[in-house]
file target23.txt (compact mmCIF, C-alpha atoms)
# COMPACT_ATOMS: atom_id res chain seq x y z
CA MET U 1 -11.25 49.75 -11.32
CA SER U 2 -11.58 46.98 -8.71
CA LEU U 3 -8.87 44.40 -8.21
CA LEU U 4 -11.04 41.77 -9.95
CA ALA U 5 -11.59 44.09 -12.89
CA ASP U 6 -7.85 44.80 -13.07
CA LEU U 7 -7.09 41.08 -13.11
CA THR U 8 -9.71 40.44 -15.79
CA ALA U 9 -8.31 43.22 -18.00
CA ALA U 10 -4.78 41.93 -17.50
CA ASP U 11 -5.93 38.46 -18.54
CA GLY U 12 -7.32 39.81 -21.82
CA LEU U 13 -10.93 39.04 -20.95
CA PRO U 14 -13.82 41.41 -21.65
CA GLU U 15 -14.91 43.44 -18.64
CA ARG U 16 -17.84 42.05 -16.67
CA PRO U 17 -20.53 44.75 -16.44
CA ASP U 18 -22.85 44.90 -13.45
CA LEU U 19 -26.03 43.28 -14.80
CA PRO U 20 -29.11 41.81 -13.06
CA TRP U 21 -28.87 38.19 -11.98
CA TYR U 22 -31.47 37.00 -14.48
CA VAL U 23 -29.31 37.93 -17.48
CA ALA U 24 -25.95 37.18 -15.83
CA PRO U 25 -26.60 34.33 -13.36
CA LEU U 26 -23.12 32.78 -13.36
CA PRO U 27 -20.47 33.72 -10.78
CA ARG U 28 -17.68 35.89 -12.19
CA ALA U 29 -15.16 33.11 -11.57
CA VAL U 30 -17.19 30.64 -13.68
CA GLU U 31 -17.55 33.15 -16.53
CA ASN U 32 -13.83 33.93 -16.47
CA LEU U 33 -12.90 30.26 -16.42
CA GLY U 34 -15.17 29.53 -19.37
CA LEU U 35 -13.68 32.38 -21.39
CA ARG U 36 -10.10 31.43 -20.48
CA LEU U 37 -10.79 27.86 -21.58
CA ALA U 38 -12.67 28.95 -24.69
CA TRP U 39 -10.73 26.68 -27.04
CA VAL U 40 -11.44 23.70 -24.78
CA VAL U 41 -15.14 24.63 -24.76
CA VAL U 42 -15.02 24.92 -28.57
CA ALA U 43 -13.45 21.47 -28.89
CA VAL U 44 -15.97 19.86 -26.52
CA ASN U 45 -18.86 21.39 -28.44
CA LEU U 46 -17.48 20.25 -31.79
CA VAL U 47 -17.27 16.71 -30.42
CA GLY U 48 -20.85 17.14 -29.19
CA THR U 49 -21.88 18.35 -32.63
CA ALA U 50 -20.38 15.27 -34.27
CA PHE U 51 -22.08 12.99 -31.74
CA GLY U 52 -25.38 14.83 -32.23
CA PHE U 53 -25.36 14.33 -35.98
CA TRP U 54 -24.60 10.65 -35.39
CA TYR U 55 -27.48 10.47 -32.89
CA TYR U 56 -29.90 11.86 -35.49
CA GLY U 57 -28.74 9.41 -38.12
CA VAL U 58 -25.53 10.41 -39.92
CA HIS U 59 -23.71 7.07 -39.58
CA PRO U 60 -20.32 6.87 -41.30
CA LEU U 61 -19.71 4.26 -38.59
CA PRO U 62 -20.56 1.47 -38.16
CA LEU U 63 -20.04 0.56 -41.79
CA SER U 64 -22.94 -1.91 -41.56
CA ASP U 65 -25.39 1.03 -41.22
CA PRO U 66 -26.68 3.14 -44.11
CA LEU U 67 -24.93 6.50 -44.20
CA ILE U 68 -28.23 8.26 -43.44
CA THR U 69 -30.51 6.40 -41.06
CA TRP U 70 -32.75 6.78 -38.02
CA GLN U 71 -34.60 10.15 -37.82
CA LEU U 72 -32.84 11.76 -40.78
CA GLY U 73 -33.51 8.63 -42.82
CA GLY U 74 -37.22 8.95 -42.10
CA THR U 75 -37.34 12.69 -42.92
CA PRO U 76 -37.62 14.24 -46.39
CA PRO U 77 -34.11 15.42 -47.35
CA SER U 78 -35.42 18.95 -48.00
CA MET U 79 -36.13 19.23 -44.26
CA TRP U 80 -32.91 17.79 -42.85
CA ALA U 81 -31.69 21.24 -41.74
CA PHE U 82 -34.58 21.41 -39.24
CA VAL U 83 -33.98 18.04 -37.56
CA PRO U 84 -30.62 18.08 -35.66
CA ASP U 85 -31.43 21.05 -33.42
CA SER U 86 -29.04 20.29 -30.56
CA PRO U 87 -25.93 19.62 -32.69
CA VAL U 88 -26.63 22.82 -34.64
CA ALA U 89 -26.85 24.68 -31.31
CA THR U 90 -23.51 23.27 -30.11
CA LEU U 91 -22.01 24.23 -33.47
CA PHE U 92 -23.26 27.80 -32.99
CA ILE U 93 -21.67 28.13 -29.53
CA ALA U 94 -18.41 26.63 -30.82
CA LEU U 95 -18.38 29.14 -33.69
CA ALA U 96 -19.27 32.04 -31.39
CA LEU U 97 -16.41 31.40 -28.97
CA GLY U 98 -13.97 30.37 -31.70
CA LEU U 99 -14.59 33.51 -33.75
CA TRP U 100 -14.21 35.65 -30.62
CA LYS U 101 -10.84 34.03 -29.84
CA LEU U 102 -9.75 34.72 -33.40
CA GLY U 103 -10.74 38.39 -33.08
CA ARG U 104 -13.59 38.00 -35.57
CA SER U 105 -16.63 37.88 -33.31
CA ASN U 106 -19.90 37.73 -35.23
CA GLU U 107 -23.07 39.12 -33.64
CA TYR U 108 -25.40 36.94 -35.73
CA VAL U 109 -23.60 33.79 -34.60
CA ASN U 110 -23.59 35.04 -31.00
CA ALA U 111 -27.36 35.58 -30.99
CA LEU U 112 -28.03 32.21 -32.65
CA ALA U 113 -25.72 30.56 -30.11
CA PHE U 114 -27.53 32.08 -27.14
CA PHE U 115 -30.94 31.03 -28.47
CA GLY U 116 -29.66 27.53 -29.20
CA CYS U 117 -28.00 27.07 -25.82
CA TRP U 118 -31.01 28.32 -23.90
CA LYS U 119 -33.70 26.61 -25.95
CA LEU U 120 -32.11 23.21 -26.58
CA GLY U 121 -30.24 23.24 -23.28
CA LEU U 122 -33.59 23.31 -21.46
CA TRP U 123 -36.06 21.74 -23.91
CA THR U 124 -34.20 18.43 -24.05
CA PRO U 125 -34.07 18.00 -20.24
CA PHE U 126 -37.73 19.07 -20.13
CA VAL U 127 -38.85 16.28 -22.46
CA LEU U 128 -36.39 13.76 -20.97
CA LEU U 129 -37.99 14.31 -17.57
CA ALA U 130 -41.57 14.68 -18.82
CA PHE U 131 -41.36 11.40 -20.72
CA ALA U 132 -38.73 9.68 -18.57
CA ASP U 133 -40.33 6.23 -18.73
CA GLY U 134 -40.23 6.18 -22.51
CA PHE U 135 -36.72 7.60 -22.84
CA THR U 136 -35.20 5.30 -20.20
CA ALA U 137 -36.85 2.31 -21.88
CA ALA U 138 -35.24 3.27 -25.19
CA ASN U 139 -31.82 4.37 -23.86
CA PRO U 140 -29.37 2.87 -21.36
CA LEU U 141 -29.27 4.89 -18.14
CA PRO U 142 -25.75 6.28 -18.84
CA MET U 143 -26.92 7.62 -22.23
CA TYR U 144 -30.06 9.10 -20.65
CA LEU U 145 -28.02 10.88 -17.96
CA PHE U 146 -25.44 12.04 -20.51
CA LEU U 147 -28.17 13.60 -22.65
CA LEU U 148 -29.74 15.25 -19.59
CA PHE U 149 -26.62 16.83 -18.10
CA SER U 150 -24.81 17.67 -21.34
CA HIS U 151 -27.83 19.71 -22.44
CA LEU U 152 -28.04 21.49 -19.10
CA ALA U 153 -24.37 22.42 -19.57
CA MET U 154 -25.34 24.10 -22.85
CA THR U 155 -27.54 26.50 -20.89
CA VAL U 156 -24.57 27.47 -18.73
CA GLU U 157 -22.43 28.12 -21.81
CA GLY U 158 -24.99 30.52 -23.21
CA PHE U 159 -24.50 32.91 -20.29
CA LEU U 160 -20.88 33.48 -21.29
CA LEU U 161 -21.95 35.26 -24.43
CA TYR U 162 -22.99 38.63 -23.00
CA ARG U 163 -19.31 39.17 -22.17
CA ILE U 164 -18.41 39.10 -25.87
CA SER U 165 -21.63 40.34 -27.51
CA GLY U 166 -23.96 43.33 -27.49
CA PHE U 167 -26.84 41.36 -29.03
CA PRO U 168 -27.84 44.04 -31.55
CA VAL U 169 -31.46 44.00 -32.65
CA ARG U 170 -30.66 42.92 -36.21
CA ALA U 171 -28.85 39.82 -34.90
CA VAL U 172 -31.65 39.04 -32.46
CA ALA U 173 -34.15 39.31 -35.32
CA VAL U 174 -32.25 36.64 -37.28
CA ALA U 175 -32.16 34.32 -34.25
CA VAL U 176 -35.89 34.82 -33.58
CA ALA U 177 -36.67 34.13 -37.24
CA TRP U 178 -34.61 30.93 -37.31
CA TYR U 179 -35.87 29.46 -34.06
CA GLY U 180 -39.41 30.67 -34.68
CA LEU U 181 -39.37 28.94 -38.06
CA ASN U 182 -38.08 25.82 -36.35
CA ASP U 183 -41.07 25.85 -34.01
CA VAL U 184 -43.46 26.21 -36.94
CA VAL U 185 -42.07 23.29 -38.95
CA ASP U 186 -41.33 21.17 -35.88
CA TYR U 187 -44.85 21.31 -34.44
CA PHE U 188 -47.43 23.22 -36.45
CA LEU U 189 -46.95 23.46 -40.21
CA PRO U 190 -44.30 21.15 -41.69
CA ILE U 191 -43.28 22.15 -45.18
CA ALA U 192 -42.70 18.54 -46.23
CA GLY U 193 -43.60 15.31 -44.51
CA THR U 194 -44.65 15.35 -40.86
CA PRO U 195 -43.42 17.67 -38.05
CA HIS U 196 -39.66 17.53 -37.49
CA HIS U 197 -38.97 17.82 -33.76
CA THR U 198 -36.65 15.33 -32.05
CA LEU U 199 -38.35 11.96 -31.81
CA MET U 200 -40.36 11.36 -28.65
CA PRO U 201 -41.36 8.04 -27.08
CA GLY U 202 -44.24 6.43 -28.94
CA GLN U 203 -43.40 7.80 -32.38
CA VAL U 204 -43.06 5.27 -35.20
CA PRO U 205 -41.85 5.78 -38.79
CA LEU U 206 -44.37 6.10 -41.58
CA GLY U 207 -41.81 5.19 -44.23
CA SER U 208 -38.43 6.22 -45.57
CA GLY U 209 -38.35 9.97 -46.21
CA ILE U 210 -42.00 10.41 -45.18
CA GLY U 211 -41.93 11.19 -41.47
CA PHE U 212 -43.20 9.82 -38.19
CA THR U 213 -46.40 9.57 -36.20
CA HIS U 214 -46.99 12.27 -33.57
CA PRO U 215 -49.10 10.89 -30.72
CA SER U 216 -51.08 13.24 -28.48
CA PRO U 217 -50.53 14.68 -25.88
CA THR U 218 -46.78 14.09 -26.22
CA HIS U 219 -46.63 16.31 -29.30
CA GLU U 220 -48.51 19.17 -27.66
CA ILE U 221 -46.43 19.04 -24.47
CA ALA U 222 -43.17 19.15 -26.43
CA ALA U 223 -44.54 22.02 -28.56
CA ALA U 224 -45.53 24.04 -25.50
CA GLY U 225 -42.04 23.69 -24.05
CA ALA U 226 -40.38 24.76 -27.31
CA VAL U 227 -42.56 27.84 -27.80
CA VAL U 228 -42.12 28.98 -24.19
CA LEU U 229 -38.34 28.64 -24.51
CA THR U 230 -38.25 30.59 -27.78
CA LEU U 231 -40.22 33.39 -26.11
CA THR U 232 -38.06 33.42 -22.99
CA ALA U 233 -34.87 33.39 -25.08
CA THR U 234 -36.17 36.46 -26.91
CA PHE U 235 -36.89 38.20 -23.61
CA LEU U 236 -33.51 37.33 -22.11
CA VAL U 237 -31.43 38.42 -25.08
CA LEU U 238 -33.31 41.72 -25.47
CA ALA U 239 -33.16 42.31 -21.71
CA THR U 240 -29.41 41.71 -21.87
CA ARG U 241 -29.17 44.25 -24.69
CA VAL U 242 -31.07 46.85 -22.65
CA LYS U 243 -29.07 46.24 -19.48
CA LEU U 244 -25.76 46.44 -21.35
CA LEU U 245 -26.81 49.80 -22.75
CA GLU U 246 -27.89 51.00 -19.33
CA ALA U 247 -24.54 49.90 -17.90
CA GLY U 248 -22.68 51.74 -20.70
CA ALA U 249 -21.24 48.46 -21.94
CA ASP U 250 -22.58 48.28 -25.49
CA ARG U 251 -20.23 45.99 -27.43
CA THR U 252 -21.60 46.69 -30.92
call {"tool": "encode", "arguments": {"input": "target23.txt", "output": "structure tokens"}}
result
Amino acid sequence: MSLLADLTAADGLPERPDLPWYVAPLPRAVENLGLRLAWVVVAVNLVGTAFGFWYYGVHPLPLSDPLITWQLGGTPPSMWAFVPDSPVATLFIALALGLWKLGRSNEYVNALAFFGCWKLGLWTPFVLLAFADGFTAANPLPMYLFLLFSHLAMTVEGFLLYRISGFPVRAVAVAVAWYGLNDVVDYFLPIAGTPHHTLMPGQVPLGSGIGFTHPSPTHEIAAAGAVVLTLTATFLVLATRVKLLEAGADRT
């Protein structure tokens, strides 16, 4: 073993297999730091999850607000699970790393976490930049920048997961099904009310629990970004699986 591999093993971290850059783009030192600070990463993502649910409309504070307001308040309750995509993604990565630290790593959670980090970590910056005028008009600049860079950080987190997961096909299938279903109800065929993607500039409520307008071409541009990211997440996670097997580093 190399000196770096010896140090990694001594530190209790999973070995870093030699994989192509497109499935393991982070420097070894960044991966190792993220895994060593896993509990800190878990805590940060749980705070992000709480903030995300507040952003979508779960408002225990301020007390002057209804408990459920904003986008969740305008969405049929039966579809609430499909609305807060980013906070669900940060919850998945927190669970993935937390379960690994507890010695109870779960491949289904790992696959869902990778999809969530890749898809929401890039889709949100995509729409923030594509519709920057509308978002900056509706949000103070510090909030706009926080949303932009915190989501990009999610993408970085996702590339820690191949060190603790083998991404078995059954787990990938669950992640594809969940995020594929999200694309369907977010953009193409809502089960109740109107489509359920994160609100874009120009959308207005149709009424409490009914949904929102979806002006064109904003809706189509956001949909294209989401579908492309679901497809690329599927490619990356299956490519990681293949390359792990080729490197003799199957973790399942």
call {"tool": "residues_around", "arguments": {"input": "target23.txt", "residues": "Phe126 in chain U", "least_positions_apart": "6", "cutoff": "10 Å", "atoms": "all atoms listed in the file", "output": "PyMOL selection string"}}
result
chain U and resi 120+132+148+221-222+225-226
call {"tool": "residues_around", "arguments": {"input": "target23.txt", "residues": "Leu145 in chain U", "least_positions_apart": "5", "cutoff": "10 Å", "atoms": "only C-alpha atoms", "output": "list in words"}}
result
Pro125, Leu128, Thr136, Asn139, Pro140, Ser150 and His151 of chain U
call {"tool": "write_last_selection", "arguments": {"input": "target23.txt", "atoms": "C-alpha atoms", "output": "PDB file, in the coordinates of the input"}}
result
ATOM      1  CA  PRO U 125     -34.070  18.000 -20.240  1.00  0.00           C
ATOM      2  CA  LEU U 128     -36.390  13.760 -20.970  1.00  0.00           C
ATOM      3  CA  THR U 136     -35.200   5.300 -20.200  1.00  0.00           C
ATOM      4  CA  ASN U 139     -31.820   4.370 -23.860  1.00  0.00           C
ATOM      5  CA  PRO U 140     -29.370   2.870 -21.360  1.00  0.00           C
ATOM      6  CA  SER U 150     -24.810  17.670 -21.340  1.00  0.00           C
ATOM      7  CA  HIS U 151     -27.830  19.710 -22.440  1.00  0.00           C
TER       8      HIS U 151
END
call {"tool": "atom_distance", "arguments": {"input": "target23.txt", "atom1": "CA of Ser86 in chain U", "atom2": "CA of His219 in chain U"}}
result
18.1 Å
call {"tool": "atom_distance", "arguments": {"input": "target23.txt", "atom1": "CA of Leu72 in chain U", "atom2": "CA of Asn110 in chain U"}}
result
26.9 Å
call {"tool": "closest_residue", "arguments": {"input": "target23.txt", "among": "U:Val156, U:Gly193, U:Ser165, U:Val109", "to": "Pro205 in chain U", "atoms": "only C-alpha atoms"}}
result
U:Gly193
call {"tool": "closest_residue", "arguments": {"input": "target23.txt", "among": "U:Thr90, U:Gln203, U:Thr218, U:Thr75", "to": "Gly158 in chain U", "atoms": "all atoms listed in the file"}}
result
U:Thr90
call {"tool": "atom_distance", "arguments": {"input": "target23.txt", "atom1": "CA of Leu160 in chain U", "atom2": "CA of His197 in chain U"}}
result
27.0 Å
